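Just below is one structure, and these are the notes that go with it.
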Amino acid sequence: MFVTTQDDEYQDVYSWALIASAQDIAKWRRLAAEAVARLGGDREAQVLASLGVSELLSNIIKHVPDKACRLAVRAMDAWVYVHVFDTSRQVPAMTRPSWDAESGRGLWLLNSMVPTWGYECRADGKAVWFRVPLVRKVEVAA
């Protein structure tokens, strides 16, 4: 179930309209990882994308009244970008986690796993995004 669009500025874009629900997170993780692989991403990029999708969709489930959202995965240059668009204008806040709490560590973990993440406020809500390298650079000893 891939919805692929072509964009003059980017390579292929994989995009899905969905209703965020806890029982479907595994499916969206898998589809995001498959999209990353189709875009040329290595195993590490696939794993990071799937973990990030879990966090962003979980935040919608927990914090956004309207669970309708859009997940998009695209490649640009040497990066894969994952965006989740929702209808809330409440911006994400990364806090220092309380280790004995049952929740509240997601964005902190995302921040520690990916080199860059952020959000964009939009007229119809916001987009929360992160990027990871398509391929991990492997240094060869001389």
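So you can find residues: chains in the structure tokens are A, B, ... in the order shown, residues in each start at 1, and ligands are numbered from 1 in order.
Every protein, DNA or RNA residue with an atom at most 8 Å from Ser50 of chain A, where only C-alpha atoms count and chain neighbours fewer than 5 positions away do not, is listed here: A:Trp28, A:Arg29, A:Arg30, A:Ala32, A:Ala33.
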For the selection you just gave me, I'd like the residues written to a file as a compact mmCIF listing (two decimals), in the first residue's frame, keeping C-alpha atoms.
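Result went into out-v8.txt, see below:
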# COMPACT_ATOMS: atom_id res chain seq x y z
CA TRP A 28 2.92 2.35 9.85
CA ARG A 29 6.38 1.56 11.20
CA ARG A 30 6.69 -1.26 8.67
CA ALA A 32 7.76 3.71 6.65
CA ALA A 33 10.73 1.33 6.83
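With atom CA of Arg70 of chain A on one side and atom CA of Asp86 of chain A on the other, the separation reads 6.8 Å.
Comparing the minimum interatomic distances between Ala78 of chain A and each of A:Arg122, A:Trp117, A:Asn111, A:Ala45, counting only C-alpha atoms, we find that A:Ala45 sits nearest.
Shortest atom-to-atom contact with Tyr81 of chain A among A:Glu55, A:Asp66, A:Asp124, A:Asp12: A:Asp12, counting only C-alpha atoms.
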Shortest interatomic distance to Ala17 of chain A - which of A:Arg74, A:Arg89, A:Arg43, A:Lys67, counting only C-alpha atoms
A:Lys67
Write out as a list in words the residues lying within 7 Å of Ala68 of chain A, counting only C-alpha atoms and excluding same-chain residues fewer than 6 positions away.
Leu18, Ile19, Ala20 and Asp86 of chain A
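For the atom pair formed by atom CA of Gln23 of chain A and atom CA of Gly125 of chain A, the distance is 24.0 Å, given to one decimal.
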I'd like the interatomic distance between atom CA of Tyr14 of chain A and atom CA of Tyr119 of chain A, to a tenth of an Å.
19.0 Å
Quick check for you: according to DSSP on this backbone, which residues of segment 60-89 of chain A are classed as strand (DSSP E or B)? Reply as a CSV table (one decimal) with C-alpha atoms, in the first residue's frame.
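The resulting selection31.csv:
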chain,number,residue,atom,x,y,z
A,68,ALA,CA,-6.6,12.1,11.3
A,69,CYS,CA,-3.1,12.8,10.0
A,70,ARG,CA,-0.7,12.2,7.1
A,71,LEU,CA,2.6,10.4,7.2
A,72,ALA,CA,5.1,11.3,4.5
A,73,VAL,CA,8.6,9.8,3.7
A,74,ARG,CA,10.9,11.4,1.1
A,75,ALA,CA,14.5,11.5,0.2
A,76,MET,CA,16.5,14.6,-0.6
A,79,TRP,CA,18.9,12.2,3.8
A,80,VAL,CA,15.5,10.6,4.3
A,81,TYR,CA,12.9,12.9,5.8
A,82,VAL,CA,9.9,11.7,7.8
A,83,HIS,CA,7.0,14.1,8.3
A,84,VAL,CA,3.8,13.6,10.3
A,85,PHE,CA,1.1,16.3,9.6
A,86,ASP,CA,-1.7,16.8,12.1
Write out as a ChimeraX atom specification all residues of chain A that backbone DSSP assigns to alpha helix (DSSP H).
/A:25-38,43-63,106-113
Which residues, written as JSON, numbers by chain, have at least one atom at most 12 Å from Lys62 of chain A, with only C-alpha atoms counted and residues fewer than 3 positions away on the same chain left out?
{"A": [20, 21, 22, 55, 56, 57, 58, 59, 65, 66, 67, 88, 92, 103, 104, 106]}
For the residues in that selection, give me C-alpha atoms as a PDB file, in the first residue's frame.
ATOM      1  CA  ALA A  20      -3.570   7.337  14.273  1.00  0.00           C
ATOM      2  CA  SER A  21      -4.377   4.387  16.533  1.00  0.00           C
ATOM      3  CA  ALA A  22      -2.269   2.289  18.859  1.00  0.00           C
ATOM      4  CA  GLU A  55       7.006   8.315  18.560  1.00  0.00           C
ATOM      5  CA  LEU A  56       5.279  10.850  16.310  1.00  0.00           C
ATOM      6  CA  LEU A  57       2.117   8.769  15.901  1.00  0.00           C
ATOM      7  CA  SER A  58       2.047   8.028  19.640  1.00  0.00           C
ATOM      8  CA  ASN A  59       2.155  11.761  20.306  1.00  0.00           C
ATOM      9  CA  PRO A  65      -8.001  15.386  19.567  1.00  0.00           C
ATOM     10  CA  ASP A  66      -8.358  14.741  15.804  1.00  0.00           C
ATOM     11  CA  LYS A  67      -6.453  11.527  15.054  1.00  0.00           C
ATOM     12  CA  SER A  88      -3.239  20.536  16.129  1.00  0.00           C
ATOM     13  CA  PRO A  92       5.827  19.542  20.518  1.00  0.00           C
ATOM     14  CA  SER A 103       5.507   8.231  29.487  1.00  0.00           C
ATOM     15  CA  GLY A 104       7.215  11.453  28.476  1.00  0.00           C
ATOM     16  CA  GLY A 106       9.579   9.913  23.366  1.00  0.00           C
TER      17      GLY A 106
END
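The shortest atom-to-atom distance to Asp24 of chain A, with only C-alpha atoms taken into account, belongs to A:Ser54 out of A:Ser54, A:Thr116, A:Leu109, A:Leu48.
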